[in-house]
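As stored in query00.txt (compact mmCIF, C-alpha atoms):
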```txt
# COMPACT_ATOMS: atom_id res chain seq x y z
CA MET K 1 76.59 98.80 113.97
CA GLU K 2 80.19 98.82 115.15
CA THR K 3 79.04 100.30 118.49
CA ILE K 4 76.59 97.44 118.98
CA ARG K 5 79.20 94.85 118.18
CA ASN K 6 81.54 96.45 120.72
CA TYR K 7 78.80 96.59 123.33
CA LEU K 8 77.96 92.93 122.91
CA GLU K 9 81.61 91.83 122.83
CA THR K 10 82.30 93.79 126.01
CA MET K 11 79.35 92.19 127.77
CA PHE K 12 80.60 88.75 126.80
CA ALA K 13 84.32 89.39 127.11
CA ASN K 14 84.81 87.64 130.45
CA LEU K 15 82.55 84.67 129.82
CA PRO K 16 84.00 81.23 129.17
CA ASN K 17 84.64 80.37 125.57
CA THR K 18 82.05 77.60 125.25
CA LEU K 19 79.79 76.63 122.36
CA ASP K 20 76.66 77.71 124.26
CA VAL K 21 78.09 81.12 124.99
CA ILE K 22 79.24 81.70 121.42
CA LYS K 23 75.84 80.59 120.12
CA ALA K 24 74.04 82.98 122.47
CA LYS K 25 76.28 85.84 121.42
CA ASN K 26 75.69 85.20 117.73
CA GLU K 27 71.96 84.84 118.22
CA LEU K 28 71.68 88.07 120.21
CA TYR K 29 73.81 89.84 117.63
CA GLN K 30 71.48 88.61 114.89
CA MET K 31 68.45 90.06 116.69
CA MET K 32 70.17 93.35 117.40
CA GLU K 33 71.35 93.63 113.80
CA ASP K 34 67.82 93.05 112.48
CA LYS K 35 66.50 95.67 114.86
CA TYR K 36 69.21 98.13 113.89
CA GLU K 37 68.52 97.76 110.19
CA GLU K 38 64.80 98.29 110.71
CA LEU K 39 65.29 101.36 112.91
CA ILE K 40 67.62 102.91 110.34
CA ALA K 41 65.14 102.11 107.56
CA GLU K 42 62.49 103.93 109.62
CA GLY K 43 64.70 107.00 109.33
CA LYS K 44 66.15 106.95 112.86
CA HIS K 45 69.58 108.46 113.43
CA GLU K 46 72.38 105.98 114.04
CA ASN K 47 72.95 107.13 117.64
CA GLU K 48 69.27 106.93 118.43
CA ALA K 49 69.03 103.41 117.00
CA VAL K 50 72.02 102.28 119.06
CA GLY K 51 70.49 103.85 122.18
CA ILE K 52 67.19 102.04 121.71
CA ILE K 53 68.85 98.70 121.07
CA ILE K 54 71.12 98.91 124.11
CA SER K 55 68.26 99.99 126.38
CA GLU K 56 66.15 97.07 125.21
CA PHE K 57 68.91 94.49 125.40
CA GLY K 58 68.17 93.32 128.94
CA ASN K 59 70.84 91.78 131.09
CA LEU K 60 73.04 88.73 131.00
CA GLU K 61 71.70 87.29 134.27
CA GLU K 62 68.62 86.40 132.35
CA ILE K 63 70.43 84.06 129.98
CA ALA K 64 72.90 82.86 132.61
CA ASP K 65 70.93 79.67 133.30
CA ALA K 66 70.58 78.91 129.63
CA LEU K 67 74.35 79.14 129.27
CA GLY K 68 75.35 77.48 132.51
CA ILE K 69 77.28 80.60 133.43
CA SER K 70 75.43 81.75 136.56
CA GLU K 71 78.48 80.84 138.59
CA VAL K 72 80.77 82.80 136.34
CA LEU K 73 78.56 85.86 136.49
CA ASN K 74 78.54 85.78 140.28
CA ASN K 75 82.26 85.29 140.59
CA ASN K 76 83.03 87.81 137.93
CA ILE K 77 83.68 90.65 140.35
CA ASP K 78 86.52 88.80 142.07
CA GLU K 79 88.53 88.13 138.98
CA ASP K 80 87.75 91.38 137.25
CA ALA K 81 90.62 91.88 134.87
CA ARG K 82 92.44 95.16 134.38
CA PHE K 83 90.95 96.82 131.31
CA ILE K 84 93.32 98.36 128.79
CA SER K 85 91.74 101.23 126.91
CA GLU K 86 92.42 102.16 123.32
CA GLU K 87 94.50 105.22 124.35
CA GLU K 88 96.49 103.15 126.79
CA SER K 89 97.22 100.53 124.17
CA MET K 90 98.48 103.20 121.77
CA GLU K 91 100.64 104.64 124.53
CA TYR K 92 102.06 101.20 125.23
CA VAL K 93 102.85 100.60 121.55
CA PHE K 94 104.65 103.95 121.46
CA ASP K 95 106.62 103.32 124.67
CA ALA K 96 107.48 99.74 123.81
CA SER K 97 108.68 100.54 120.31
CA GLN K 98 110.75 103.44 121.65
CA HIS K 99 112.25 101.07 124.21
CA LYS K 100 113.16 98.61 121.46
CA LEU K 101 114.74 101.42 119.41
CA PHE K 102 116.84 102.48 122.43
CA ILE K 103 117.99 98.90 122.87
CA GLY K 104 118.79 98.85 119.15
CA VAL K 105 120.91 101.98 119.52
CA ALA K 106 122.66 100.50 122.58
CA VAL K 107 123.49 97.30 120.69
CA LEU K 108 124.74 99.44 117.81
CA MET K 109 127.04 101.20 120.30
CA PHE K 110 128.34 97.89 121.64
CA ILE K 111 129.11 96.55 118.18
CA VAL K 112 130.68 99.77 116.90
CA SER K 113 132.74 100.46 120.04
CA PRO K 114 135.73 98.20 119.15
CA SER K 115 136.25 100.23 115.99
CA PHE K 116 137.37 103.30 117.96
CA PRO K 117 140.60 101.80 119.29
CA ILE K 118 141.25 100.63 115.74
CA ILE K 119 140.78 104.06 114.14
CA ILE K 120 142.36 106.12 116.92
CA PRO K 121 145.46 104.25 117.99
CA ASN K 122 146.32 106.35 121.09
CA MET K 123 144.58 106.61 124.50
CA GLY K 124 141.74 108.57 122.88
CA GLY K 125 140.58 105.39 121.15
CA ILE K 126 140.38 103.44 124.40
CA VAL K 127 138.49 106.26 126.10
CA ALA K 128 136.05 106.47 123.19
CA PHE K 129 135.60 102.68 123.39
CA PHE K 130 134.60 102.79 127.06
CA LEU K 131 132.49 105.92 126.61
CA THR K 132 130.46 104.27 123.86
CA ILE K 133 129.86 101.17 125.95
CA ALA K 134 128.91 103.28 128.98
CA PHE K 135 126.50 105.27 126.82
CA GLY K 136 124.89 102.05 125.58
CA VAL K 137 124.52 100.63 129.10
CA ALA K 138 123.07 103.91 130.39
CA LEU K 139 120.56 103.92 127.53
CA ILE K 140 119.37 100.40 128.34
CA ILE K 141 119.03 101.14 132.07
CA LEU K 142 117.15 104.40 131.54
CA SER K 143 114.80 102.93 129.00
CA SER K 144 114.10 99.86 131.15
CA VAL K 145 113.22 102.06 134.12
CA ARG K 146 110.82 104.00 131.93
CA MET K 147 109.20 100.75 130.75
CA GLY K 148 108.72 99.72 134.38
CA LYS K 149 105.29 101.31 134.49
CA TRP K 150 104.04 98.66 132.08
CA ASP K 151 105.18 95.76 134.26
CA PHE K 152 101.60 95.18 135.32
CA LEU K 153 100.87 93.74 131.87
CA ASP K 154 102.81 90.66 132.97
CA ASN K 155 101.62 90.53 136.57
CA VAL K 156 97.94 91.43 136.41
CA LYS K 157 95.28 89.81 134.29
CA CYS K 158 94.44 92.31 131.56
CA VAL K 159 91.89 92.47 128.78
CA ILE K 160 91.51 94.58 125.69
CA GLU K 161 88.23 95.52 124.05
CA TYR K 162 87.00 94.10 120.76
CA ALA K 163 87.44 97.43 118.93
CA THR K 164 90.96 97.85 120.32
CA ALA K 165 91.87 94.34 119.21
CA ASN K 166 90.62 95.04 115.69
CA ASN K 167 92.51 98.30 115.60
CA LEU K 168 95.76 96.76 116.80
CA TYR K 169 95.46 94.01 114.26
CA ALA K 170 94.91 96.51 111.43
CA ASN K 171 98.03 98.39 112.56
CA LEU K 172 99.95 95.16 112.77
CA ARG K 173 99.05 94.35 109.16
CA ASN K 174 99.94 97.86 107.98
CA ASN K 175 103.29 97.54 109.68
CA LEU K 176 104.22 94.30 107.92
CA PHE K 177 105.66 95.92 104.81
CA SER K 178 107.95 98.42 106.51
CA LYS K 179 109.02 95.66 108.88
CA ALA K 180 109.95 93.40 105.96
CA VAL K 181 111.88 96.17 104.22
CA MET K 182 113.85 97.10 107.34
CA LYS K 183 114.61 93.50 108.15
CA THR K 184 115.78 92.77 104.61
CA ILE K 185 118.07 95.80 104.54
CA GLY K 186 119.38 94.81 107.97
CA ILE K 187 120.20 91.27 106.89
CA LEU K 188 121.77 92.56 103.65
CA CYS K 189 123.94 94.93 105.71
CA ILE K 190 125.28 92.01 107.72
CA ILE K 191 125.79 89.68 104.77
CA LEU K 192 127.46 92.39 102.68
CA SER K 193 129.52 93.79 105.56
CA PHE K 194 132.72 92.39 104.10
CA ILE K 195 132.35 94.47 100.92
CA PRO K 196 133.63 97.75 102.44
CA VAL K 197 136.57 95.76 103.71
CA ILE K 198 137.46 94.66 100.19
CA ILE K 199 136.89 98.11 98.67
CA LEU K 200 138.77 99.95 101.40
CA ASP K 201 141.62 97.47 101.14
CA GLU K 202 142.01 98.45 97.49
CA LEU K 203 141.65 102.13 98.27
CA THR K 204 144.15 102.33 101.10
CA VAL K 205 146.95 101.74 98.66
CA LYS K 206 146.45 105.12 97.05
CA SER K 207 144.53 107.18 99.61
CA PHE K 208 145.03 108.71 103.02
CA PHE K 209 142.70 106.12 104.63
CA GLY K 210 144.62 104.05 107.04
CA ALA K 211 144.48 100.28 106.69
CA GLU K 212 142.52 100.39 109.96
CA MET K 213 139.48 101.82 108.22
CA ALA K 214 138.55 98.44 106.71
CA PRO K 215 137.81 96.43 109.89
CA ALA K 216 136.18 99.49 111.46
CA ALA K 217 133.79 99.70 108.51
CA LEU K 218 132.89 96.04 109.05
CA PHE K 219 131.87 96.73 112.64
CA ILE K 220 129.80 99.72 111.58
CA MET K 221 128.00 97.78 108.82
CA VAL K 222 127.18 94.89 111.14
CA GLY K 223 126.08 97.36 113.82
CA ILE K 224 123.69 99.12 111.45
CA GLY K 225 122.37 95.77 110.22
CA VAL K 226 121.64 94.52 113.73
CA PHE K 227 120.05 97.85 114.63
CA LEU K 228 117.72 97.63 111.62
CA ILE K 229 116.72 94.06 112.47
CA ILE K 230 115.91 95.05 116.07
CA ALA K 231 114.09 98.20 114.96
CA SER K 232 112.02 96.30 112.39
CA THR K 233 110.25 94.34 115.11
CA ALA K 234 109.90 97.29 117.47
CA LYS K 235 106.18 97.83 116.97
CA GLU K 236 105.24 94.28 116.17
CA GLY K 237 106.32 92.98 119.55
CA ALA K 238 104.04 95.48 121.24
CA TYR K 239 101.06 94.58 119.05
CA HIS K 240 101.51 90.88 119.70
CA LYS K 241 101.90 91.46 123.40
CA LEU K 242 98.62 93.39 123.64
CA LEU K 243 96.75 90.99 121.39
CA SER K 244 97.83 88.03 123.49
CA LEU K 245 96.53 89.59 126.73
CA ASN K 246 93.04 88.17 126.36
CA ASP K 247 92.54 84.79 127.95
CA SER K 248 91.94 82.22 125.23
CA ASN K 249 89.42 80.44 127.48
CA LYS K 250 87.23 83.53 127.52
CA VAL K 251 85.13 84.97 124.72
CA ALA K 252 87.56 87.89 124.56
CA GLY K 253 90.30 85.47 123.50
CA ASN K 254 88.20 84.45 120.56
CA TYR K 255 88.16 87.75 118.63
CA ASN K 256 89.22 87.19 115.04
CA ALA K 257 91.96 89.77 115.42
CA VAL K 258 93.32 88.04 118.51
CA LYS K 259 92.99 84.58 117.06
CA SER K 260 94.78 85.35 113.82
CA THR K 261 97.91 86.26 115.76
CA GLN K 262 97.98 83.03 117.72
CA HIS K 263 99.51 79.99 116.11
CA ASP K 264 98.53 77.01 118.10
CA TYR K 265 100.71 73.97 117.46
CA GLY K 266 98.86 72.06 120.17
CA ASN K 267 102.20 71.45 121.84
CA GLU K 268 103.77 73.57 124.57
CA ILE K 269 107.31 73.21 123.27
CA PHE K 270 106.52 74.08 119.67
CA ASN K 271 104.38 77.04 120.77
CA LYS K 272 107.48 78.43 122.44
CA ILE K 273 110.01 77.51 119.73
CA MET K 274 108.12 78.40 116.56
CA PRO K 275 107.87 82.20 117.09
CA VAL K 276 111.67 82.40 117.13
CA TYR K 277 112.26 79.66 114.55
CA TRP K 278 113.31 81.83 111.60
CA LYS K 279 115.36 84.16 113.76
CA THR K 280 117.29 81.18 115.11
CA VAL K 281 117.80 79.79 111.63
CA THR K 282 119.12 83.17 110.42
CA CYS K 283 121.54 83.34 113.34
CA LEU K 284 122.77 79.80 112.70
CA TYR K 285 123.24 80.61 109.02
CA LEU K 286 125.25 83.75 109.73
CA ILE K 287 127.37 82.17 112.46
CA TRP K 288 128.22 79.10 110.38
CA SER K 289 128.90 81.22 107.30
CA PHE K 290 131.16 83.74 109.02
CA LEU K 291 133.07 81.14 110.98
CA THR K 292 133.84 78.98 107.97
CA PHE K 293 133.33 81.36 105.02
CA HIS K 294 131.94 78.37 103.15
CA TRP K 295 129.07 80.36 101.66
CA TYR K 296 128.77 77.86 98.85
CA LYS K 297 127.82 75.23 101.45
CA THR K 298 125.89 77.11 104.10
CA TRP K 299 122.91 78.00 101.88
CA ILE K 300 121.73 74.41 102.41
CA ILE K 301 120.40 75.61 105.79
CA TRP K 302 117.50 77.43 104.08
CA PRO K 303 115.87 74.57 102.16
CA LEU K 304 116.43 72.31 105.19
CA ALA K 305 114.88 74.82 107.56
CA TRP K 306 111.92 75.26 105.24
CA LEU K 307 111.40 71.50 105.10
CA ILE K 308 111.50 71.13 108.89
CA HIS K 309 109.11 74.06 109.26
CA ARG K 310 106.64 72.45 106.85
CA VAL K 311 106.78 69.13 108.66
CA ILE K 312 106.17 70.72 112.05
CA SER K 313 103.37 73.02 110.94
CA THR K 314 101.48 70.40 108.95
CA SER K 315 101.67 67.75 111.65
CA TYR K 316 101.00 69.94 114.67
CA THR K 317 99.03 73.00 113.60
CA ASP K 318 95.57 73.47 115.10
CA LYS K 319 95.19 69.97 116.41
CA ARG K 320 93.23 71.31 119.36
CA ARG K 321 90.57 72.98 117.25
CA MET F 1 47.52 108.76 130.75
CA ARG F 2 47.83 106.81 133.96
CA ASP F 3 48.17 103.51 132.14
CA ASN F 4 51.32 104.71 130.46
CA MET F 5 52.91 105.58 133.78
CA ILE F 6 52.62 102.02 134.99
CA GLU F 7 55.26 99.63 133.79
CA ILE F 8 54.71 95.93 133.59
CA SER F 9 56.57 94.21 136.38
CA SER F 10 58.94 91.70 134.85
CA ASP F 11 58.16 89.23 137.65
CA VAL F 12 54.52 89.02 136.65
CA ILE F 13 55.03 88.86 132.92
CA ARG F 14 57.87 86.32 133.11
CA GLY F 15 55.48 83.38 133.36
CA TYR F 16 53.76 84.45 130.18
CA ASN F 17 56.63 85.22 127.81
CA ASP F 18 56.45 81.62 126.64
CA THR F 19 52.72 81.96 125.97
CA MET F 20 53.27 85.03 123.80
CA ILE F 21 56.09 83.46 121.82
CA LEU F 22 54.18 80.21 121.27
CA TYR F 23 51.08 82.15 120.18
CA ILE F 24 53.12 83.77 117.43
CA LEU F 25 54.76 80.49 116.43
CA MET F 26 51.31 78.85 116.09
CA ASP F 27 50.89 80.78 112.82
CA GLU F 28 54.24 79.94 111.25
CA PRO F 29 57.92 79.42 112.14
CA SER F 30 59.68 82.68 112.87
CA TYR F 31 62.96 84.20 114.09
CA GLY F 32 64.05 86.35 117.00
CA TYR F 33 63.53 89.88 115.83
CA GLU F 34 60.29 89.10 113.95
CA ILE F 35 58.79 87.62 117.13
CA ALA F 36 59.87 90.61 119.24
CA LYS F 37 58.36 92.94 116.69
CA ARG F 38 55.03 91.12 116.62
CA ILE F 39 54.78 91.06 120.44
CA ARG F 40 55.39 94.78 120.43
CA ALA F 41 52.78 95.42 117.75
CA LEU F 42 50.13 93.11 119.25
CA THR F 43 50.42 94.76 122.67
CA GLU F 44 50.33 98.23 121.09
CA GLU F 45 53.86 98.88 122.33
CA LYS F 46 52.82 98.36 125.96
CA TYR F 47 55.21 95.45 126.27
CA ILE F 48 58.66 95.40 124.69
CA ILE F 49 60.42 92.10 125.19
CA LYS F 50 64.16 92.32 125.89
CA GLU F 51 66.58 90.44 123.66
CA THR F 52 68.01 88.46 126.57
CA THR F 53 64.51 87.51 127.79
CA LEU F 54 63.66 86.27 124.33
CA TYR F 55 66.84 84.26 124.00
CA SER F 56 66.48 82.61 127.40
CA ALA F 57 62.87 81.67 126.54
CA PHE F 58 64.03 80.10 123.26
CA THR F 59 66.72 77.98 124.89
CA ARG F 60 64.47 76.92 127.76
CA MET F 61 61.59 75.93 125.46
CA GLU F 62 63.93 74.12 123.09
CA LYS F 63 65.31 72.12 126.01
CA ASN F 64 61.75 71.24 127.07
CA GLY F 65 60.86 70.21 123.53
CA TYR F 66 58.24 72.91 122.91
CA VAL F 67 60.10 74.38 119.94
CA VAL F 68 62.78 73.23 117.52
CA SER F 69 65.29 75.52 115.86
CA TYR F 70 66.84 75.38 112.44
CA SER F 71 68.82 77.88 110.43
CA GLN F 72 67.60 79.19 107.13
CA ASN F 73 68.67 81.93 104.78
CA ALA F 74 66.36 84.93 104.84
CA ASP F 75 65.30 86.83 101.71
CA ASN F 76 68.32 89.09 101.94
CA GLY F 77 70.61 86.05 102.07
CA LYS F 78 71.38 86.43 105.78
CA LYS F 79 71.45 83.29 107.86
CA ARG F 80 68.89 83.28 110.66
CA THR F 81 67.80 80.86 113.34
CA TYR F 82 64.14 80.01 112.94
CA TYR F 83 61.96 78.48 115.64
CA LYS F 84 59.10 76.10 115.00
CA ILE F 85 56.47 74.98 117.48
CA THR F 86 56.16 71.23 118.23
CA ASP F 87 53.08 69.22 119.25
CA ALA F 88 54.31 69.31 122.84
CA GLY F 89 54.58 73.08 122.48
CA LYS F 90 50.99 73.33 121.27
CA ALA F 91 49.76 71.28 124.24
CA TYR F 92 51.84 73.43 126.61
CA TYR F 93 50.33 76.55 125.06
CA GLN F 94 46.79 75.25 125.73
CA ASP F 95 47.75 74.50 129.34
CA LYS F 96 49.13 78.00 129.79
CA CYS F 97 45.94 79.53 128.35
CA ALA F 98 43.83 77.55 130.81
CA GLU F 99 46.16 78.52 133.62
CA TRP F 100 45.82 82.19 132.73
CA GLN F 101 42.01 81.98 132.70
CA LEU F 102 42.15 80.57 136.19
CA THR F 103 44.71 83.11 137.39
CA LYS F 104 42.71 85.97 135.95
CA GLU F 105 39.51 84.69 137.59
CA VAL F 106 41.20 84.36 140.96
CA VAL F 107 42.98 87.70 140.94
CA GLU F 108 39.93 89.46 139.54
CA HIS F 109 38.08 88.88 142.84
CA PHE F 110 40.54 91.14 144.59
CA ILE F 111 40.70 94.02 142.15
CA ARG F 112 38.75 97.14 143.01
CA GLY F 113 38.56 100.15 140.78
CA ASP F 114 39.39 103.66 142.06
CA GLU F 115 37.32 104.54 145.05
```
Starting from the coordinates I provided, produce the structure as structure tokens.
Amino acid sequence: METIRNYLETMFANLPNTLDVIKAKNELYQMMEDKYEELIAEGKHENEAVGIIISEFGNLEEIADALGISEVLNNNIDEDARFISEEESMEYVFDASQHKLFIGVAVLMFIVSPSFPIIIPNMGGIVAFFLTIAFGVALIILSSVRMGKWDFLDNVKCVIEYATANNLYANLRNNLFSKAVMKTIGILCIILSFIPVIILDELTVKSFFGAEMAPAALFIMVGIGVFLIIASTAKEGAYHKLLSLNDSNKVAGNYNAVKSTQHDYGNEIFNKIMPVYWKTVTCLYLIWSFLTFHWYKTWIIWPLAWLIHRVISTSYTDKRR
Amino acid sequence: MRDNMIEISSDVIRGYNDTMILYILMDEPSYGYEIAKRIRALTEEKYIIKETTLYSAFTRMEKNGYVVSYSQNADNGKKRTYYKITDAGKAYYQDKCAEWQLTKEVVEHFIRGDE
């Protein structure tokens, strides 16, 4: 039955997302489903049943007039979108998450680099500082060049198949837990980064650690924290990117998997702001806290941010639907 | 044997899909697959109506007021769209029957058997 669903969704993928079209698709699906069940009950093999149903489906030109889509069908060839296959989408997810990880490592290098001159007080420290930064820059350049082959995703109109969308969405859901864990550890690393400083300060009195170790440890903790936060979203970005390829005015943009990743606030500005809302709030919290060290005050950001988020989402969400 | 080799030209049959569907709906309201199945059985599998043909006939006839559709839960609890013939549909069916008689009569004059 999955094959039939895919077949039908592919046939309809480029059609406009109108009520008539959706109704036709559902109705045809209903007929095909009935037929499938009967053929299976007659003892036909699944593949045979699917073959019969597809051969007896007919063609979309026949219902074009009923749907007011004759024009679309004729013009379809011109605006044929680039089709992204399942294998390609997996390859993209792999490449994109690797790219994000490389960027994470580069950022880690940048943050950690000042600790070298602190630990190694002579010229060696300065050299290590520049080497680390150079390594980070090289990593970003190399990785960006490698990602260049996916530039077409932004420049050409692309579509993904129904089955691919479902698959990506399932992966996205499976990834949520590990993402949350990594992000939490990352944030904890940053918030708790001053702890090694305190401990090492105590230790230096009676150990061979130099007093320099303490600030260096702070850089390393923050670096690891930032790396974990970047790495946690490595895959998710790729999933969202692929799932948002389908045009929301076409049937393909209406797949449940695609839809459930789109939050429509019915307002251009909010649609752009809301995906980065919590990240921004976290940044503000950390900046304010570290600049002032008034941790007993800064927590107020969270309930406030939550309140604002509620107000925006209840008053703007899904107004268009 | 030879009959099986010949396929019905969709151009010819197109004008009579409505007649077949309305004939079946004269008995009782029905839904897509059931109608397709009955057409297949009544013609002894000589004519298999395509899903898209069926759907376009439904929408066209509904627009013209020959049938009305409503959704109803089937025995297995699945929601289906049922079609019911209207009085206008019954009149249209009679017209089509008369038209076919005439068509058959006319064309018949020009049909020779194997010679």
Using only C-alpha atoms, which protein or nucleic acid residues come within 8 Å of segment 87-93 of chain F? Drop anything in the same chain fewer than 3 positions from it, and give the result as a VMD selection string.
chain F and resid 19 22 to 23 26 65 to 67 96 to 97
Return as number ranges by chain the residues belonging to chain K that are within 8 Å of chain F, counting all atoms listed in the file.
K: 24, 27-28, 30-32, 34-35, 56-60, 62-63, 65-66
Find the axis-aligned box for segment 97-111 of chain F, covering all its listed atoms and adding 8 Å on each side, and write its centre and edge lengths in Å to one decimal as AutoDock Vina command-line options.
```
--center_x 42.1 --center_y 85.8 --center_z 136.5 --size_x 24.1 --size_y 32.5 --size_z 32.2
```
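Nearest to Ala13 of chain K of all the residues K:Asn246, K:Asn267, K:Ser113, K:Ser85 is K:Asn246, based on all atoms listed in the file.
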One decimal, in Å: what's the spacing between atom CA of Val226 of chain K and atom CA of Leu304 of chain K?
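Interatomic distance here is 24.4 Å.
Atom CA of Leu131 of chain K to atom CA of Ser143 of chain K spans 18.1 Å [interatomic distance, one decimal].
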Residue neighbourhood His309 of chain K, 12 Å, only C-alpha atoms, exclusion window fewer than 3 positions, as a list of chain:residue names
K:Tyr265, K:Phe270, K:Ile273, K:Met274, K:Pro275, K:Val276, K:Tyr277, K:Trp278, K:Val281, K:Ile301, K:Trp302, K:Pro303, K:Leu304, K:Ala305, K:Trp306, K:Ile312, K:Ser313, K:Thr314, K:Ser315, K:Tyr316, K:Thr317
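For the set F:Asp18, F:Ala74, F:Glu105, F:Glu28, the residue with the smallest atom-to-atom gap to Glu62 of chain F is F:Asp18, counting only C-alpha atoms.
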Name all residues at most 12 Å from Ile229 of chain K (count only C-alpha atoms; drop same-chain ones fewer than 6 positions away) and give them as a list in words.
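With the cut-off at 12 Å, the set is Lys100, Leu101, Ile103, Gly104, Val105, Val107, Leu108, Ser178, Lys179, Ala180, Val181, Met182, Lys183, Thr184, Ile185, Gly186, Ile187, Leu188, Cys189, Ile190, Val222, Gly223, Lys279, Thr282 and Cys283 of chain K.
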Output for the residues just chosen: C-alpha atoms as a CSV table (one decimal), keeping the file's coordinate frame:
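Ended up saving to result05.csv:
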```csv
chain,number,residue,atom,x,y,z
K,100,LYS,CA,113.2,98.6,121.5
K,101,LEU,CA,114.7,101.4,119.4
K,103,ILE,CA,118.0,98.9,122.9
K,104,GLY,CA,118.8,98.8,119.2
K,105,VAL,CA,120.9,102.0,119.5
K,107,VAL,CA,123.5,97.3,120.7
K,108,LEU,CA,124.7,99.4,117.8
K,178,SER,CA,108.0,98.4,106.5
K,179,LYS,CA,109.0,95.7,108.9
K,180,ALA,CA,110.0,93.4,106.0
K,181,VAL,CA,111.9,96.2,104.2
K,182,MET,CA,113.8,97.1,107.3
K,183,LYS,CA,114.6,93.5,108.2
K,184,THR,CA,115.8,92.8,104.6
K,185,ILE,CA,118.1,95.8,104.5
K,186,GLY,CA,119.4,94.8,108.0
K,187,ILE,CA,120.2,91.3,106.9
K,188,LEU,CA,121.8,92.6,103.6
K,189,CYS,CA,123.9,94.9,105.7
K,190,ILE,CA,125.3,92.0,107.7
K,222,VAL,CA,127.2,94.9,111.1
K,223,GLY,CA,126.1,97.4,113.8
K,279,LYS,CA,115.4,84.2,113.8
K,282,THR,CA,119.1,83.2,110.4
K,283,CYS,CA,121.5,83.3,113.3
```
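All protein, DNA and RNA residues at most 9 Å from (63.9, 74.8, 113.1) are Pro29, Ser30, Val67, Val68, Ser69, Tyr70, Ser71, Gln72, Thr81, Tyr82, Tyr83, Lys84 and Ile85 of chain F, using only C-alpha atoms.
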Please compute the atom CA of Ile220 of chain K-atom CA of Phe194 of chain K distance, one decimal, in Å.
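Atom CA of Phe194 of chain K lies at a distance of 10.9 Å from atom CA of Ile220 of chain K.
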May I have the residues within 12 Å of Phe130 of chain K as a short mmCIF file (atom, residue, chain, number, x, y, z; two decimals) with C-alpha atoms, keeping the file's coordinate frame, using all atoms listed in the file and disregarding those fewer than 4 positions away in the same chain?
```cif
data_model
loop_
_atom_site.label_atom_id
_atom_site.label_comp_id
_atom_site.auth_asym_id
_atom_site.auth_seq_id
_atom_site.Cartn_x
_atom_site.Cartn_y
_atom_site.Cartn_z
CA MET K 109 127.04 101.20 120.30
CA PHE K 110 128.34 97.89 121.64
CA VAL K 112 130.68 99.77 116.90
CA SER K 113 132.74 100.46 120.04
CA PRO K 114 135.73 98.20 119.15
CA SER K 115 136.25 100.23 115.99
CA PHE K 116 137.37 103.30 117.96
CA PRO K 117 140.60 101.80 119.29
CA MET K 123 144.58 106.61 124.50
CA GLY K 124 141.74 108.57 122.88
CA GLY K 125 140.58 105.39 121.15
CA ILE K 126 140.38 103.44 124.40
CA ALA K 134 128.91 103.28 128.98
CA PHE K 135 126.50 105.27 126.82
CA GLY K 136 124.89 102.05 125.58
CA VAL K 137 124.52 100.63 129.10
#
```
